[in-house]
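Trainee: Provided herewith is a single structure, encoded as structure tokens, for subsequent inquiry.
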Amino acid sequence: MAKWMVLCCLLAIEPLLASCAEPLSDRAAKHETRGDAYVQQEQFREAVIEYKNAARDSPDRPDLHWKLASAAAKTGDIPAAFTALTRVVQLDPTHFDARWSLGDLYLAAGKTSEVTKLAEGLLAARPHHPAGHLLFAGIALQEDRIADAIESLKHAAALDPTMLRPLLALGNVYFTQRDLKPAGEWYARAVTADPASVEAHLAYGYFLSATGAIDEGKTEFHKALEVSPDQELVKLLLADRYLALGRQDEAQRELAGLVADTNSRKARYALIELRLAGGQVAEATPLLNDIREADGHDAMGLYLKGRIALAEQDVPQAVGLFEASIGRNAALPGPHLYLGLARLAQGRTDSAETALREAIRMQPGNEVAHLALAKLYLAQQKPAEAGKEAWQALRSNPASLEAAVLYGDALALEKNWAKAEEVYGLIRKQLPDQPLGYVKMAALRKVQGQVVEAAQLFSKALSHAPDDLVILQDYLISLVDSTQAQQADRVLDQYLAKAPRDPNLWRLAGRLYVSQHKTDQAEKAYRKAVDLAPNVALVHYELGQLYLLQRKWAAAESAFQVALKKEETNSETHTALGMVLTAQGRGEAADQHYRRAVQLDRHNVVAANNLAASLGEHLDLDDALGLALGAHEVAPANPAVKDTLGWIYYKKDRFEDAHRLLADASAALPQHPTVRYHHAMALSKIGKQQEALSELKTALSLPGGFPGADRAAQMVASNKVEE
């Protein structure tokens, strides 16, 4: 019996041994053949699996790795494509297309030194091929050298007039620069060069539609549909173009028609995303339920369910669903993008940035991710980084007004006045009958100190939007700043005469009077607003702010308490009440309101900073440190936040960290005695006694006093800072 069992086992193993003995080259050939078949059927994800198996069995064949790279690129799996391309170039350094594709990936990653080497090699190998010039153009665009980029692209176009890439790139560059005539000419040349190109017709149609030629744009869109055998793909692209143009209804019609005609899963996904983006959660949910019934663990289904949770402001659930989707399919850019946006909503900026970066790595033209990063960097006072992201968004969508504004704002923050003015001027040129360009240019003039011109520009903006009270306020305050207070009063009186019962106008009047130091008139205006809108929390809050400014603590407290009765969930009101209570020496009550403010809004820097400072004084250092770090993450350039965090580090004996922050705070707030005192104490702990004494003397000479002043005076008198 035992021998028979052994014999059976041997017979069972024999086929396995025979299978293992199959030559690796034959196994590779079978996987390759299956991969080729999947590519023919456009099942690229399955093709990637087969090509990976083939490459494992025949690792030294560059043609296999090239097939793998091409299929991976089709699925959006950029890491797999990059690895495969790198292997192709290692095995065959002369493989021109692989080196070109690798250059494009390095370009998307911002690795310009690697791109330069590849571009130079491509030009040396084929001096009359456009590839090297196209890579150099990409580098120039990333470095904002527009003239150099145009020159390289024109050279590429001259070398191969039939290649669409340089023609469309030139159209995009000129469109981004709002130089519409040459932009249109290059798009038209692309259509002429390849009348059967869907991409060319869609690009030209988008340009025409975005610049007001709606009928001509539709004609190009229809031509794209006529020339393409893949109607699903073109309609999806067309819906995307309509969406970029702000024409959501037309995008929905295209997608809904595609779902009805072909039951396209891709169209269903896109339609759900579109409806969610438009806040149509109820309309999106049934479409998603159909997908989820088919496969409850589908990565896209999990992602879209997360989108619904985010739309319903259930951020923790959304985060969990996005992470689950990534776990199912890490190659989808959408879950990474919205995980980043959800993390931003939670105030977790570091992890948000990581997720957004991953979305861009997987999809370099992801406009939403670039815009989100641009806003994040602007909030963090990082203009160079913000400008780069806004520029990338503009490259992805040259008609994006939001990207253009963010780009201009980043340049203005960087004090690149000339370039910012150029961008705002282009916005004004593109939208001559709208106020935005005038408003942005006016704000730029204001920060440059050119207040008279700022007032003139705000006036022009107001002429295009006379009922916009924000623009009216900016105009009136600019008049006051340019010593035209009487004109400001006349304009305000005209508005009040037309709408004497508008509480928002009376609130505006209060703010104007505050800017003129007319506190009695400001109080009357705010009280009029309270009479007209007694149930609106904001009017009580603004009245309280006036009393806070006047140091009328009891009146301010009363106004803020009324505001909280009307709207208890207002973080700013809790913060303001906390400040009043702090001024009255009621620290414990103040801390309760600061804590509530932070609970309501994790981005409330003032509340988090003030609570951290208070807890630090009571030696509750761990909680204080957490709050201070959170405030610093949101506002890393704020000197008051640096002072608080630095002083907490000092108390936790982290003196190097303390000195770094307190030195910055002292330089930014040279007239603040407490900050100078904190800096002095940190200096003493890193062995800089003389500098510490100098800082203490300065702190004591400044008005206002500070806690620890008596001790500071004793140290100065003894000529030694105690350690």
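Residues in the structure tokens are numbered from 1 in each chain, the chains being A, B, ... in the order shown, and ligands are numbered from 1 in the order shown.
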Fewer than 5 positions away in the same chain doesn't count, so skip those; otherwise give me all residues within 10 Å of region 376-389 of chain A, counting only C-alpha atoms, as an MDAnalysis selection string.
Mentor: chainID A and resid 142:144 344 349 352:353 367 369:371 394:395 403:404 406:415 632:638
Trainee: Just the residues within 12 Å of Ala309 (chain A), please, counting only C-alpha atoms, with nothing from its chain fewer than 2 positions along; format it as number ranges by chain.
Mentor: A: 276, 279, 281, 284-285, 302-307, 311-322, 338-339, 342
Trainee: Could you give me, as a list of chain:residue names, the residues within 10 Å of Ser684 (chain A), counting only C-alpha atoms and dropping anything in the same chain fewer than 3 positions from it?
Mentor: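 Listing them by chain and then by number gives A:Phe655, A:His659, A:His679, A:Ala680, A:Met681, A:Gly687, A:Lys688, A:Gln689, A:Gln690, A:Glu691, A:Ala692, A:Leu693, A:Lys720, A:Val721, A:Glu722, A:Glu723.
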Trainee: Write a file of the selected residues as a tab-separated table (two decimals), in the first residue's frame, keeping N, CA and C atoms.
Mentor:
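What landed in out32.tsv:
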```tsv
chain	number	residue	atom	x	y	z
A	655	PHE	N	16.25	73.69	22.58
A	655	PHE	CA	16.71	75.08	22.43
A	655	PHE	C	17.08	75.45	21.00
A	659	HIS	N	15.35	78.47	19.14
A	659	HIS	CA	16.08	79.63	18.63
A	659	HIS	C	15.76	79.89	17.15
A	679	HIS	N	13.19	85.63	22.42
A	679	HIS	CA	14.39	85.43	21.60
A	679	HIS	C	15.65	85.52	22.47
A	680	ALA	N	15.66	86.48	23.38
A	680	ALA	CA	16.82	86.64	24.26
A	680	ALA	C	17.06	85.38	25.09
A	681	MET	N	16.00	84.81	25.62
A	681	MET	CA	16.17	83.63	26.46
A	681	MET	C	16.67	82.44	25.64
A	687	GLY	N	24.34	79.62	24.07
A	687	GLY	CA	25.67	80.15	24.34
A	687	GLY	C	25.96	81.54	23.78
A	688	LYS	N	24.93	82.30	23.44
A	688	LYS	CA	25.14	83.64	22.88
A	688	LYS	C	24.70	84.69	23.92
A	689	GLN	N	25.53	84.82	24.96
A	689	GLN	CA	25.18	85.68	26.09
A	689	GLN	C	25.07	87.15	25.72
A	690	GLN	N	26.04	87.67	24.99
A	690	GLN	CA	26.04	89.09	24.67
A	690	GLN	C	24.85	89.46	23.78
A	691	GLU	N	24.56	88.59	22.81
A	691	GLU	CA	23.39	88.85	21.96
A	691	GLU	C	22.11	88.79	22.78
A	692	ALA	N	22.08	87.85	23.74
A	692	ALA	CA	20.90	87.72	24.59
A	692	ALA	C	20.70	88.99	25.43
A	693	LEU	N	21.78	89.52	26.00
A	693	LEU	CA	21.69	90.75	26.79
A	693	LEU	C	21.20	91.92	25.94
A	720	LYS	N	24.16	89.37	33.10
A	720	LYS	CA	24.19	87.95	32.80
A	720	LYS	C	22.76	87.42	32.66
A	721	VAL	N	22.53	86.70	31.56
A	721	VAL	CA	21.23	86.06	31.35
A	721	VAL	C	21.26	84.70	32.01
A	722	GLU	N	20.31	84.47	32.92
A	722	GLU	CA	20.28	83.20	33.65
A	722	GLU	C	19.94	82.06	32.70
A	723	GLU	N	20.60	80.95	32.85
A	723	GLU	CA	20.35	79.78	31.99
A	723	GLU	C	19.58	78.72	32.74
```
Trainee: Wanna dump the region 243-349 of chain A-region 65-78 of chain A contacts at 9 Å for me, each residue with its shortest atom pair and the distance in Å to one decimal, counting only C-alpha atoms, ordered by chain and number, as CSV?
Mentor:
```
residue,atom,partner,partner_atom,distance
A:Ala330,CA,A:Asp77,CA,8.8
A:Ala331,CA,A:Asp77,CA,5.5
A:Leu332,CA,A:Gly76,CA,7.5
A:Pro333,CA,A:Gly76,CA,8.3
```
Trainee: Output C-alpha atoms for every residue in the selection just made, as a PDB file, in the first residue's frame.
Mentor:
```pdb
ATOM      1  CA  ALA A 330      -3.268  52.031  -6.691  1.00  0.00           C
ATOM      2  CA  ALA A 331      -2.972  53.077 -10.355  1.00  0.00           C
ATOM      3  CA  LEU A 332      -6.192  55.141 -10.330  1.00  0.00           C
ATOM      4  CA  PRO A 333      -5.346  58.864  -9.992  1.00  0.00           C
TER       5      PRO A 333
END
```
Trainee: When you look at region 118-126 of chain A with a cut-off of 8 Å (counting only C-alpha atoms), what residues show up, excluding the ones that are within fewer than 4 positions of it in the same chain? I need them as an mmCIF file with N, CA and C atoms, in the first residue's frame.
Mentor:
```
data_model
loop_
_atom_site.group_PDB
_atom_site.id
_atom_site.type_symbol
_atom_site.label_atom_id
_atom_site.label_comp_id
_atom_site.auth_asym_id
_atom_site.auth_seq_id
_atom_site.Cartn_x
_atom_site.Cartn_y
_atom_site.Cartn_z
ATOM 1 N N PHE A 96 15.583 54.619 -29.792
ATOM 2 C CA PHE A 96 15.245 56.042 -29.863
ATOM 3 C C PHE A 96 13.918 56.349 -29.162
ATOM 4 N N ARG A 99 14.048 56.115 -25.344
ATOM 5 C CA ARG A 99 14.744 57.271 -24.740
ATOM 6 C C ARG A 99 13.855 58.509 -24.777
ATOM 7 N N TRP A 100 13.115 58.676 -25.857
ATOM 8 C CA TRP A 100 12.198 59.816 -25.964
ATOM 9 C C TRP A 100 11.081 59.714 -24.911
ATOM 10 N N GLY A 103 12.360 60.408 -21.551
ATOM 11 C CA GLY A 103 12.525 61.847 -21.375
ATOM 12 C C GLY A 103 11.222 62.526 -21.001
ATOM 13 N N GLU A 114 18.119 65.093 -16.113
ATOM 14 C CA GLU A 114 17.990 63.842 -16.849
ATOM 15 C C GLU A 114 17.392 64.080 -18.233
ATOM 16 N N ALA A 131 12.268 65.126 -31.755
ATOM 17 C CA ALA A 131 12.179 64.672 -30.360
ATOM 18 C C ALA A 131 13.018 65.499 -29.403
ATOM 19 N N GLY A 132 14.299 65.703 -29.740
ATOM 20 C CA GLY A 132 15.173 66.453 -28.839
ATOM 21 C C GLY A 132 14.672 67.873 -28.620
ATOM 22 N N HIS A 133 14.221 68.519 -29.695
ATOM 23 C CA HIS A 133 13.708 69.890 -29.575
ATOM 24 C C HIS A 133 12.439 69.932 -28.716
ATOM 25 N N LEU A 135 11.722 67.918 -26.202
ATOM 26 C CA LEU A 135 12.114 67.807 -24.795
ATOM 27 C C LEU A 135 12.709 69.118 -24.282
ATOM 28 N N PHE A 136 13.529 69.773 -25.104
ATOM 29 C CA PHE A 136 14.079 71.072 -24.689
ATOM 30 C C PHE A 136 12.962 72.102 -24.519
#
```
Trainee: Once DSSP has gone over the backbone, tell me which residues of region 402-647 of chain A are in helix (DSSP H, G or I), as a PyMOL selection string.
Mentor: chain A and resi 402-413+417-430+436-447+451-464+469-481+485-498+503-515+519-532+537-549+553-566+571-583+587-600+605-617+621-634+639-647
Trainee: I want to know what sits within 9 Å of Pro364 (chain A), based on only C-alpha atoms, with residues of the same chain fewer than 3 positions away left out; could you give that as a list in words?
Mentor: Ala108, Ala109, Ala359, Ile360, Arg361, Glu367, His370, Gln392 and Ser396 of chain A
Trainee: Considering only C-alpha atoms, state which residue in the set A:Glu216, A:Arg247, A:His540, A:Ile272 is at the smallest distance from Val259 (chain A).
Mentor: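 With only C-alpha atoms as the atom set, the closest residue is A:Ile272.
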Trainee: Find the residues around Glu542 (chain A) up to 10 Å (only C-alpha atoms counted), leave out those fewer than 6 positions away in its own chain, and share them as a PyMOL selection string.
Mentor: chain A and resi 507+510-511+523+526-527+529-530+548+556+559-560+563+573
Trainee: Quick one: residues within 10 Å of Glu656 (chain A), only C-alpha atoms counted, chain neighbours fewer than 5 positions away excluded, as a list in words?
Mentor: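 Contacts, in chain order: Gly646, Tyr649, Tyr650, Leu661, Leu662, Ala682, Leu683, Lys685 and Ile686 of chain A.
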Trainee: Give me, as CSV, the closest atom pair and its distance (Å, one decimal) for every residue of region 191-246 of chain A within a cut-off of 12 Å of region 163-166 of chain A, counting only C-alpha atoms, rows sorted by chain and rising number.
Mentor:
```
residue,atom,partner,partner_atom,distance
A:Val191,CA,A:Leu164,CA,8.5
A:Thr192,CA,A:Leu164,CA,9.9
A:Ala193,CA,A:Leu164,CA,7.3
A:Asp194,CA,A:Leu164,CA,7.5
A:Pro195,CA,A:Leu164,CA,10.7
A:Ala196,CA,A:Leu164,CA,11.3
A:Ser197,CA,A:Leu164,CA,8.7
A:Val198,CA,A:Leu164,CA,11.0
A:Glu199,CA,A:Leu164,CA,8.9
A:Ala200,CA,A:Leu164,CA,7.5
A:His201,CA,A:Leu164,CA,11.2
A:Ala203,CA,A:Leu164,CA,11.1
```
Trainee: Quick one: pull the distance between CA of His336 (chain A) and CA of Lys111 (chain A), Å, one decimal.
Mentor: 22.0 Å
Trainee: Do you have, as a tab-separated table, the list of residues of region 315-357 of chain A lying at most 12 Å from region 588-607 of chain A, each with its nearest atom pair and that distance in Å to one decimal, counting only C-alpha atoms and ordered by chain then number?
Mentor:
```
residue	atom	partner	partner_atom	distance
A:Arg343	CA	A:Arg602	CA	11.7
A:Leu344	CA	A:His603	CA	9.7
A:Ala345	CA	A:Arg602	CA	8.8
A:Gln346	CA	A:Arg602	CA	7.2
A:Gly347	CA	A:Arg602	CA	6.1
A:Arg348	CA	A:Arg602	CA	9.3
A:Thr349	CA	A:His603	CA	10.3
```
Trainee: Convert the current residue selection to file output with C-alpha atoms, as a PDB file, in the first residue's frame.
Mentor:
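Here's the written file out-v3.pdb:
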```pdb
ATOM      1  CA  ARG A 343      -6.888  65.546   3.935  1.00  0.00           C
ATOM      2  CA  LEU A 344      -6.920  69.282   3.235  1.00  0.00           C
ATOM      3  CA  ALA A 345     -10.420  69.438   4.711  1.00  0.00           C
ATOM      4  CA  GLN A 346      -9.008  67.753   7.827  1.00  0.00           C
ATOM      5  CA  GLY A 347      -6.168  70.271   8.009  1.00  0.00           C
ATOM      6  CA  ARG A 348      -3.549  67.549   7.409  1.00  0.00           C
ATOM      7  CA  THR A 349      -1.559  69.496   4.854  1.00  0.00           C
TER       8      THR A 349
END
```
Trainee: Just how far from CA of Ala98 (chain A) is CA of Pro161 (chain A), in Å to one decimal?
Mentor: 22.4 Å
Trainee: Between CA of Leu512 (chain A) and CA of Ser558 (chain A), what is the distance in Å, rounded to a tenth?
Mentor: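 Here the two named atoms are 23.1 Å from each other.
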Trainee: Name the closest residue to His517 (chain A) among the candidates A:Leu492, A:Val536, A:Leu546, A:Leu91; distances are taken between atoms, counting only C-alpha atoms.
Mentor: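 Of A:Leu492, A:Val536, A:Leu546, A:Leu91, the one nearest His517 (chain A), counting only C-alpha atoms, is A:Leu546.
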